[in-house]
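**Student:** To be precise about what I am sending: the file is called coords.txt and holds compact mmCIF, C-alpha atoms and all ligand atoms.
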```txt
# COMPACT_ATOMS: atom_id res chain seq x y z
CA MET Q 1 -101.24 227.89 -30.15
CA GLU Q 2 -102.21 224.55 -31.68
CA GLU Q 3 -103.79 223.57 -28.34
CA ILE Q 4 -105.99 226.69 -28.35
CA ALA Q 5 -107.04 226.34 -31.99
CA THR Q 6 -108.17 222.74 -31.58
CA SER Q 7 -109.77 223.24 -28.16
CA ARG Q 8 -113.40 223.95 -27.37
CA CYS Q 9 -114.54 226.57 -24.85
CA GLY Q 10 -117.12 224.25 -23.32
CA ARG Q 11 -120.42 226.07 -22.74
CA ALA Q 12 -121.05 229.03 -25.04
CA MET Q 13 -119.10 232.18 -24.23
CA CYS Q 14 -118.31 235.56 -25.69
CA VAL Q 15 -114.79 236.51 -26.73
CA ILE Q 16 -113.64 240.08 -27.27
CA VAL Q 17 -110.91 240.02 -29.91
CA THR Q 18 -108.65 242.87 -30.96
CA TYR Q 19 -105.19 243.48 -32.35
CA PRO Q 20 -103.31 245.03 -29.37
CA LYS Q 21 -103.95 248.74 -28.72
CA SER Q 22 -107.31 248.78 -30.48
CA GLY Q 23 -109.20 249.87 -27.36
CA THR Q 24 -109.59 246.44 -25.74
CA SER Q 25 -109.87 247.79 -22.19
CA LEU Q 26 -112.56 250.27 -23.11
CA LEU Q 27 -114.50 247.70 -25.15
CA GLN Q 28 -114.42 245.12 -22.35
CA GLU Q 29 -115.86 247.72 -19.95
CA VAL Q 30 -118.61 248.67 -22.38
CA VAL Q 31 -119.45 245.00 -23.12
CA TYR Q 32 -119.49 244.20 -19.40
CA LEU Q 33 -121.75 247.16 -18.73
CA VAL Q 34 -124.18 246.31 -21.54
CA SER Q 35 -124.31 242.61 -20.64
CA GLN Q 36 -124.33 242.90 -16.83
CA GLY Q 37 -125.90 246.29 -16.28
CA ALA Q 38 -123.29 247.49 -13.74
CA ASP Q 39 -122.75 251.24 -13.44
CA PRO Q 40 -119.49 252.95 -14.55
CA ASP Q 41 -118.31 253.67 -10.98
CA GLU Q 42 -118.60 250.01 -10.04
CA ILE Q 43 -116.74 249.00 -13.19
CA GLY Q 44 -113.96 251.44 -12.33
CA LEU Q 45 -113.60 249.83 -8.91
CA MET Q 46 -113.83 246.16 -9.83
CA ASN Q 47 -110.64 245.81 -11.97
CA ILE Q 48 -112.36 244.49 -15.01
CA ASP Q 49 -109.07 243.18 -16.41
CA GLU Q 50 -109.20 240.46 -13.75
CA GLN Q 51 -112.80 239.61 -14.63
CA LEU Q 52 -111.95 238.85 -18.26
CA PRO Q 53 -109.13 236.32 -18.67
CA VAL Q 54 -106.92 236.38 -21.76
CA LEU Q 55 -107.41 233.20 -23.82
CA GLU Q 56 -103.77 232.77 -24.84
CA TYR Q 57 -102.06 233.65 -21.53
CA PRO Q 58 -100.71 230.78 -19.40
CA GLN Q 59 -102.71 232.13 -16.44
CA PRO Q 60 -105.47 231.24 -15.66
CA GLY Q 61 -105.17 228.75 -18.57
CA LEU Q 62 -107.61 226.98 -20.84
CA ASP Q 63 -108.92 224.54 -18.23
CA ILE Q 64 -110.03 227.33 -15.89
CA ILE Q 65 -111.49 229.33 -18.78
CA LYS Q 66 -113.64 226.34 -19.79
CA GLU Q 67 -115.12 226.30 -16.27
CA LEU Q 68 -115.95 230.03 -16.08
CA THR Q 69 -119.39 230.84 -14.76
CA SER Q 70 -121.50 233.82 -15.85
CA PRO Q 71 -120.79 236.17 -17.61
CA ARG Q 72 -118.34 233.87 -19.50
CA LEU Q 73 -116.61 236.82 -21.14
CA ILE Q 74 -112.98 236.45 -22.20
CA LYS Q 75 -110.60 238.36 -24.45
CA SER Q 76 -107.86 237.59 -26.93
CA HIS Q 77 -105.52 239.19 -29.45
CA LEU Q 78 -105.19 236.01 -31.52
CA PRO Q 79 -105.86 235.99 -35.26
CA TYR Q 80 -109.14 234.36 -36.33
CA ARG Q 81 -107.46 231.13 -37.50
CA PHE Q 82 -106.00 230.45 -34.02
CA LEU Q 83 -109.28 230.80 -32.10
CA PRO Q 84 -110.98 227.71 -30.60
CA SER Q 85 -113.25 225.75 -32.92
CA ASP Q 86 -116.47 226.83 -31.10
CA LEU Q 87 -115.81 230.32 -32.41
CA HIS Q 88 -115.54 229.09 -35.97
CA ASN Q 89 -118.64 226.91 -35.90
CA GLY Q 90 -120.82 229.56 -34.29
CA ASP Q 91 -121.38 228.05 -30.83
CA SER Q 92 -119.77 231.03 -29.08
CA LYS Q 93 -119.83 234.75 -29.91
CA VAL Q 94 -116.97 236.94 -31.09
CA ILE Q 95 -116.91 240.73 -30.71
CA TYR Q 96 -114.05 242.08 -32.81
CA MET Q 97 -112.91 245.69 -32.70
CA ALA Q 98 -110.54 247.29 -35.23
CA ARG Q 99 -108.80 250.65 -34.83
CA ASN Q 100 -107.31 252.83 -37.57
CA PRO Q 101 -103.72 251.63 -37.98
CA LYS Q 102 -102.09 255.07 -37.77
CA ASP Q 103 -103.35 255.79 -34.24
CA LEU Q 104 -102.81 252.12 -33.39
CA VAL Q 105 -99.13 252.09 -34.37
CA VAL Q 106 -98.49 255.23 -32.27
CA SER Q 107 -100.23 253.60 -29.32
CA TYR Q 108 -98.38 250.28 -29.83
CA TYR Q 109 -95.04 252.15 -30.00
CA GLN Q 110 -95.79 254.00 -26.73
CA PHE Q 111 -96.74 250.68 -25.17
CA HIS Q 112 -93.46 249.02 -26.25
CA ARG Q 113 -91.46 252.02 -25.01
CA SER Q 114 -93.16 251.87 -21.63
CA LEU Q 115 -92.50 248.17 -20.94
CA ARG Q 116 -90.31 247.77 -17.88
CA THR Q 117 -88.68 244.64 -19.23
CA MET Q 118 -87.79 244.35 -22.91
CA SER Q 119 -88.44 248.07 -23.43
CA TYR Q 120 -88.16 248.93 -27.14
CA ARG Q 121 -85.19 251.21 -27.86
CA GLY Q 122 -85.79 252.05 -31.53
CA THR Q 123 -87.28 255.19 -33.04
CA PHE Q 124 -90.91 255.53 -34.02
CA GLN Q 125 -89.85 255.38 -37.68
CA GLU Q 126 -88.16 252.00 -37.12
CA PHE Q 127 -91.14 250.71 -35.21
CA CYS Q 128 -93.47 251.87 -37.95
CA ARG Q 129 -91.37 249.99 -40.53
CA ARG Q 130 -91.73 246.82 -38.42
CA PHE Q 131 -95.48 247.34 -38.29
CA MET Q 132 -95.71 247.77 -42.06
CA ASN Q 133 -93.53 244.66 -42.55
CA ASP Q 134 -95.70 242.58 -40.18
CA LYS Q 135 -92.82 242.13 -37.74
CA LEU Q 136 -94.53 242.76 -34.38
CA GLY Q 137 -96.04 240.64 -31.63
CA TYR Q 138 -99.40 239.11 -32.69
CA GLY Q 139 -98.30 239.24 -36.33
CA SER Q 140 -99.63 241.26 -39.21
CA TRP Q 141 -102.29 243.86 -38.34
CA PHE Q 142 -103.32 243.83 -42.01
CA GLU Q 143 -104.06 240.09 -41.99
CA HIS Q 144 -105.66 240.26 -38.52
CA VAL Q 145 -108.33 242.80 -39.47
CA GLN Q 146 -108.97 241.35 -42.92
CA GLU Q 147 -109.52 237.83 -41.57
CA PHE Q 148 -112.19 239.08 -39.16
CA TRP Q 149 -113.68 241.39 -41.79
CA GLU Q 150 -114.22 238.34 -44.02
CA HIS Q 151 -116.26 236.82 -41.18
CA ARG Q 152 -118.22 239.98 -40.30
CA MET Q 153 -121.49 238.55 -41.69
CA ASP Q 154 -121.25 235.34 -39.61
CA ALA Q 155 -124.16 235.24 -37.17
CA ASN Q 156 -121.82 234.82 -34.19
CA VAL Q 157 -119.46 237.67 -35.16
CA LEU Q 158 -119.90 241.38 -34.45
CA PHE Q 159 -117.32 243.60 -36.17
CA LEU Q 160 -116.88 247.04 -34.56
CA LYS Q 161 -114.56 250.00 -35.08
CA TYR Q 162 -112.86 251.96 -32.29
CA GLU Q 163 -113.58 255.29 -33.97
CA ASP Q 164 -117.34 254.57 -33.83
CA MET Q 165 -117.16 254.54 -30.05
CA HIS Q 166 -116.23 258.19 -30.30
CA ARG Q 167 -118.42 259.03 -33.31
CA ASP Q 168 -121.67 257.16 -32.66
CA LEU Q 169 -121.76 255.37 -29.33
CA VAL Q 170 -125.58 255.08 -29.34
CA THR Q 171 -125.54 252.85 -32.42
CA MET Q 172 -122.72 250.75 -30.98
CA VAL Q 173 -124.56 250.19 -27.70
CA GLU Q 174 -127.69 249.21 -29.64
CA GLN Q 175 -125.66 246.76 -31.78
CA LEU Q 176 -124.06 245.25 -28.68
CA ALA Q 177 -127.36 244.88 -26.81
CA ARG Q 178 -128.93 243.14 -29.83
CA PHE Q 179 -125.91 240.89 -30.40
CA LEU Q 180 -125.73 239.88 -26.72
CA GLY Q 181 -129.47 239.31 -26.51
CA VAL Q 182 -129.99 242.03 -23.89
CA SER Q 183 -133.52 243.33 -24.14
CA CYS Q 184 -133.99 246.95 -23.12
CA ASP Q 185 -136.52 249.68 -23.76
CA LYS Q 186 -135.66 253.18 -25.03
CA ALA Q 187 -135.10 254.61 -21.55
CA GLN Q 188 -132.82 251.74 -20.54
CA LEU Q 189 -130.87 252.10 -23.77
CA GLU Q 190 -130.41 255.83 -23.12
CA SER Q 191 -129.19 255.14 -19.62
CA LEU Q 192 -126.77 252.43 -20.88
CA THR Q 193 -125.43 254.79 -23.52
CA GLU Q 194 -124.96 257.57 -20.94
CA HIS Q 195 -123.00 255.17 -18.75
CA CYS Q 196 -120.88 254.07 -21.71
CA HIS Q 197 -120.17 257.73 -22.54
CA GLN Q 198 -118.84 258.12 -19.01
CA LEU Q 199 -116.45 255.20 -19.58
CA VAL Q 200 -115.12 256.73 -22.79
CA ASP Q 201 -114.74 260.16 -21.14
CA GLN Q 202 -113.05 258.69 -18.08
CA CYS Q 203 -110.08 257.78 -20.25
CA CYS Q 204 -109.97 260.47 -22.89
CA ASN Q 205 -110.66 263.45 -20.64
CA ALA Q 206 -108.93 262.20 -17.51
CA GLU Q 207 -106.88 265.03 -16.03
CA ALA Q 208 -104.24 262.60 -14.76
CA LEU Q 209 -103.39 261.40 -18.27
CA PRO Q 210 -101.47 263.18 -21.04
CA VAL Q 211 -103.88 265.33 -23.03
CA GLY Q 212 -105.64 263.56 -25.85
CA ARG Q 213 -105.04 259.92 -24.92
CA GLY Q 214 -107.26 257.62 -26.88
CA ARG Q 215 -108.48 260.38 -29.21
CA VAL Q 216 -108.91 259.71 -32.91
CA GLY Q 217 -106.33 261.38 -35.17
CA LEU Q 218 -103.44 261.72 -32.71
CA TRP Q 219 -101.14 260.17 -35.34
CA LYS Q 220 -101.10 263.51 -37.21
CA ASP Q 221 -98.82 265.00 -34.54
CA ILE Q 222 -96.37 262.10 -34.79
CA PHE Q 223 -96.17 261.01 -38.44
CA THR Q 224 -93.88 263.00 -40.76
CA VAL Q 225 -95.13 263.72 -44.28
CA SER Q 226 -92.82 261.10 -45.81
CA MET Q 227 -93.73 258.49 -43.18
CA ASN Q 228 -97.38 259.11 -43.95
CA GLU Q 229 -96.80 258.70 -47.69
CA LYS Q 230 -94.96 255.40 -47.17
CA PHE Q 231 -97.65 254.19 -44.78
CA ASP Q 232 -100.40 255.03 -47.28
CA LEU Q 233 -98.56 253.14 -50.01
CA VAL Q 234 -98.16 250.00 -47.90
CA TYR Q 235 -101.76 250.31 -46.69
CA LYS Q 236 -102.96 250.43 -50.30
CA GLN Q 237 -100.84 247.40 -51.25
CA LYS Q 238 -101.99 245.28 -48.32
CA MET Q 239 -105.59 246.45 -47.97
CA GLY Q 240 -106.32 247.38 -51.59
CA LYS Q 241 -108.67 244.45 -52.24
CA CYS Q 242 -110.57 244.91 -48.96
CA ASP Q 243 -113.61 247.19 -48.67
CA LEU Q 244 -113.03 247.86 -44.97
CA THR Q 245 -112.55 251.61 -44.36
CA PHE Q 246 -111.41 253.60 -41.34
CA ASP Q 247 -111.93 257.10 -39.98
CA PHE Q 248 -108.43 258.55 -39.61
CA TYR Q 249 -109.89 261.84 -38.27
CA LEU Q 250 -113.18 262.71 -36.60
N1 LIG Q 301 -111.79 254.18 -21.26
C1 LIG Q 301 -110.63 253.71 -21.74
N2 LIG Q 301 -109.88 252.90 -20.98
C2 LIG Q 301 -108.68 252.47 -21.43
N3 LIG Q 301 -108.16 252.79 -22.65
C3 LIG Q 301 -108.86 253.59 -23.42
C4 LIG Q 301 -110.12 254.09 -23.02
N4 LIG Q 301 -110.57 254.89 -24.02
C5 LIG Q 301 -109.66 254.88 -24.98
N5 LIG Q 301 -108.61 254.09 -24.64
C6 LIG Q 301 -107.43 253.94 -25.48
O1 LIG Q 301 -107.23 252.59 -25.95
C7 LIG Q 301 -105.84 252.41 -26.24
C8 LIG Q 301 -105.34 251.15 -25.59
O2 LIG Q 301 -105.89 250.03 -26.23
P1 LIG Q 301 -105.89 248.60 -25.52
O3 LIG Q 301 -106.89 248.68 -24.41
O4 LIG Q 301 -106.29 247.68 -26.63
O5 LIG Q 301 -104.52 248.34 -25.02
C9 LIG Q 301 -105.11 253.63 -25.69
O6 LIG Q 301 -104.89 254.50 -26.81
P2 LIG Q 301 -103.69 255.53 -26.88
O7 LIG Q 301 -102.44 254.77 -26.56
O8 LIG Q 301 -103.76 256.08 -28.28
O9 LIG Q 301 -104.00 256.59 -25.87
C10 LIG Q 301 -106.13 254.22 -24.72
O10 LIG Q 301 -105.99 255.61 -24.50
C1 LIG Q 302 -95.74 242.25 -27.61
C2 LIG Q 302 -97.03 241.48 -27.66
C3 LIG Q 302 -98.00 242.01 -26.66
C4 LIG Q 302 -98.03 241.54 -25.36
C5 LIG Q 302 -98.93 242.07 -24.45
C6 LIG Q 302 -99.80 243.04 -24.84
O1 LIG Q 302 -100.62 243.56 -23.87
S1 LIG Q 302 -102.06 244.07 -24.01
O2 LIG Q 302 -102.92 242.89 -24.05
O3 LIG Q 302 -102.26 244.89 -25.20
O4 LIG Q 302 -102.24 244.88 -22.81
C7 LIG Q 302 -99.77 243.51 -26.13
C8 LIG Q 302 -98.88 242.98 -27.04
```
Output the file's structure in the form of structure tokens.
Ligand SMILES: Nc1ncnc2c1ncn2[C@@H]1O[C@H](COP(=O)(O)O)[C@@H](OP(=O)(O)O)[C@H]1O
Ligand SMILES: CCc1ccc(OS(=O)(=O)O)cc1
**Tutor:**
Amino acid sequence: MEEIATSRCGRAMCVIVTYPKSGTSLLQEVVYLVSQGADPDEIGLMNIDEQLPVLEYPQPGLDIIKELTSPRLIKSHLPYRFLPSDLHNGDSKVIYMARNPKDLVVSYYQFHRSLRTMSYRGTFQEFCRRFMNDKLGYGSWFEHVQEFWEHRMDANVLFLKYEDMHRDLVTMVEQLARFLGVSCDKAQLESLTEHCHQLVDQCCNAEALPVGRGRVGLWKDIFTVSMNEKFDLVYKQKMGKCDLTFDFYL
């Protein structure tokens, strides 16, 4: 971790950062589409996960990442303080996306349950307690989002919310195009947005997936009333001083 924090990325690049299960895959597709202009079918075929290396994974490793050629897009789940120095001093760009923590914890639980190795055996209630006590991989969600929120006005940082992809994709595509320096007229912007809509729909309305995957507000079917009350209390304690807000329903 120390090696990453003190390293430099080399030539300027753009890093997509999220806490796990915040919609990283969808965001990377949308960012790729806005920056490269590919169409959604092509993106579906090209295995975009392979196109965007993960900063902190041993493969392909920092040395290869430094040598990446265009589009120099990478992703990471690391907290702000562990990112390479170029991302702190503004040489490279950071696109951060936050997701409401109730849907996120349900998604993170499903992910842990589905792991072939090290599959989590506990109940959702136990998992939720771990989440509230900051005892999960990649550390405290509460600190993660607040650290990036504090940097949201930095010129090289764009702070986005998962729920806005579902609520107002047009504005998000406009923000991304401006941030990435992609110039497009109204017709091009409409076409980009239409393509991005297709990417969102491909996941959330896919017949092969359980109904409602990725939708905002799924937590309501999983949380009990008392779990929700405890969660709200912890949320207030840990986020009380922060003016970041989330849509828990659409
Ligand atoms: N087009 C898309 N491709 C992949 N995941 C998508 C998606 N649209 C929404 N998602 C949601 O993003 C979450 C995964 O986040 P990440 O990519 O960071 O691992 C999943 O949430 P759910 O588990 O609530 O369904 C998934 O359904
Ligand atoms: C348990 C920490 C962890 C590891 C790998 C993850 O995968 S993903 O990047 O979200 O697909 C998430 C969390």
**Student:** Sorted by chain and rising residue number, which residues of chain Q lie within 8 Å of ligand LIG 301 (chain Q), and what are their closest atom pairs and distances in Å to one decimal, counting all atoms listed in the file, as JSON lines?
**Tutor:**
```
{"residue": "Q:Thr18", "atom": "CA", "partner": "Q:LIG301", "partner_atom": "O4", "distance": 6.9}
{"residue": "Q:Tyr19", "atom": "CA", "partner": "Q:LIG301", "partner_atom": "O4", "distance": 7.2}
{"residue": "Q:Pro20", "atom": "CA", "partner": "Q:LIG301", "partner_atom": "O4", "distance": 4.8}
{"residue": "Q:Lys21", "atom": "CA", "partner": "Q:LIG301", "partner_atom": "O4", "distance": 3.3}
{"residue": "Q:Ser22", "atom": "CA", "partner": "Q:LIG301", "partner_atom": "O4", "distance": 4.1}
{"residue": "Q:Gly23", "atom": "CA", "partner": "Q:LIG301", "partner_atom": "O2", "distance": 3.5}
{"residue": "Q:Thr24", "atom": "CA", "partner": "Q:LIG301", "partner_atom": "O4", "distance": 3.6}
{"residue": "Q:Ser25", "atom": "CA", "partner": "Q:LIG301", "partner_atom": "O3", "distance": 3.8}
{"residue": "Q:Leu26", "atom": "CA", "partner": "Q:LIG301", "partner_atom": "C1", "distance": 4.2}
{"residue": "Q:Leu27", "atom": "CA", "partner": "Q:LIG301", "partner_atom": "O3", "distance": 7.7}
{"residue": "Q:Glu29", "atom": "CA", "partner": "Q:LIG301", "partner_atom": "N1", "distance": 7.7}
{"residue": "Q:Asp103", "atom": "CA", "partner": "Q:LIG301", "partner_atom": "O8", "distance": 6.0}
{"residue": "Q:Leu104", "atom": "CA", "partner": "Q:LIG301", "partner_atom": "O8", "distance": 6.5}
{"residue": "Q:Val106", "atom": "CA", "partner": "Q:LIG301", "partner_atom": "O8", "distance": 6.7}
{"residue": "Q:Ser107", "atom": "CA", "partner": "Q:LIG301", "partner_atom": "O7", "distance": 3.7}
{"residue": "Q:Tyr108", "atom": "CA", "partner": "Q:LIG301", "partner_atom": "O7", "distance": 6.9}
{"residue": "Q:Gln110", "atom": "CA", "partner": "Q:LIG301", "partner_atom": "O7", "distance": 6.7}
{"residue": "Q:Phe111", "atom": "CA", "partner": "Q:LIG301", "partner_atom": "O7", "distance": 7.2}
{"residue": "Q:Leu199", "atom": "CA", "partner": "Q:LIG301", "partner_atom": "N1", "distance": 5.1}
{"residue": "Q:Val200", "atom": "CA", "partner": "Q:LIG301", "partner_atom": "N1", "distance": 4.5}
{"residue": "Q:Asp201", "atom": "CA", "partner": "Q:LIG301", "partner_atom": "N1", "distance": 6.7}
{"residue": "Q:Gln202", "atom": "CA", "partner": "Q:LIG301", "partner_atom": "N1", "distance": 5.7}
{"residue": "Q:Cys203", "atom": "CA", "partner": "Q:LIG301", "partner_atom": "N1", "distance": 4.1}
{"residue": "Q:Cys204", "atom": "CA", "partner": "Q:LIG301", "partner_atom": "N4", "distance": 5.7}
{"residue": "Q:Gly212", "atom": "CA", "partner": "Q:LIG301", "partner_atom": "O9", "distance": 7.2}
{"residue": "Q:Arg213", "atom": "CA", "partner": "Q:LIG301", "partner_atom": "O9", "distance": 3.6}
{"residue": "Q:Gly214", "atom": "CA", "partner": "Q:LIG301", "partner_atom": "O10", "distance": 3.4}
{"residue": "Q:Arg215", "atom": "CA", "partner": "Q:LIG301", "partner_atom": "O8", "distance": 6.5}
{"residue": "Q:Val216", "atom": "CA", "partner": "Q:LIG301", "partner_atom": "O8", "distance": 7.8}
{"residue": "Q:Leu218", "atom": "CA", "partner": "Q:LIG301", "partner_atom": "O8", "distance": 7.2}
```
**Student:** Please provide the set of residues having any atom within 9 Å of Phe127 in chain Q, restricted to all atoms listed in the file, with same-chain residues fewer than 5 positions apart removed, written as a tab-separated table (two decimals) with C-alpha atoms, in the frame of the given file.
**Tutor:**
```tsv
chain	number	residue	atom	x	y	z
Q	105	VAL	CA	-99.13	252.09	-34.37
Q	109	TYR	CA	-95.04	252.15	-30.00
Q	120	TYR	CA	-88.16	248.93	-27.14
Q	122	GLY	CA	-85.79	252.05	-31.53
Q	132	MET	CA	-95.71	247.77	-42.06
Q	136	LEU	CA	-94.53	242.76	-34.38
```
**Student:** Can you work out which one of Q:Asp63, Q:Glu56, Q:Asp134, Q:Glu143 has the shortest atom-to-atom distance to Cys242 in chain Q, counting all atoms listed in the file?
**Tutor:**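 Closest to Cys242 in chain Q, using all atoms listed in the file: Q:Glu143.
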**Student:** Could you check which of Q:Gln198, Q:Ser140, Q:Gln146, Q:Ser35 is closest to His166 in chain Q, using all atoms listed in the file?
**Tutor:**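 Of all the options, Q:Gln198 lies closest to His166 in chain Q.
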**Student:** Within 8 Å of Pro79 in chain Q, counting all atoms listed in the file, which residues qualify if same-chain residues fewer than 6 places away don't, as a PDB file with C-alpha atoms, in the frame of the given file?
**Tutor:**
```pdb
ATOM      1  CA  TYR Q 138     -99.400 239.110 -32.690  1.00  0.00           C
ATOM      2  CA  HIS Q 144    -105.660 240.260 -38.520  1.00  0.00           C
ATOM      3  CA  GLU Q 147    -109.520 237.830 -41.570  1.00  0.00           C
TER       4      GLU Q 147
END
```
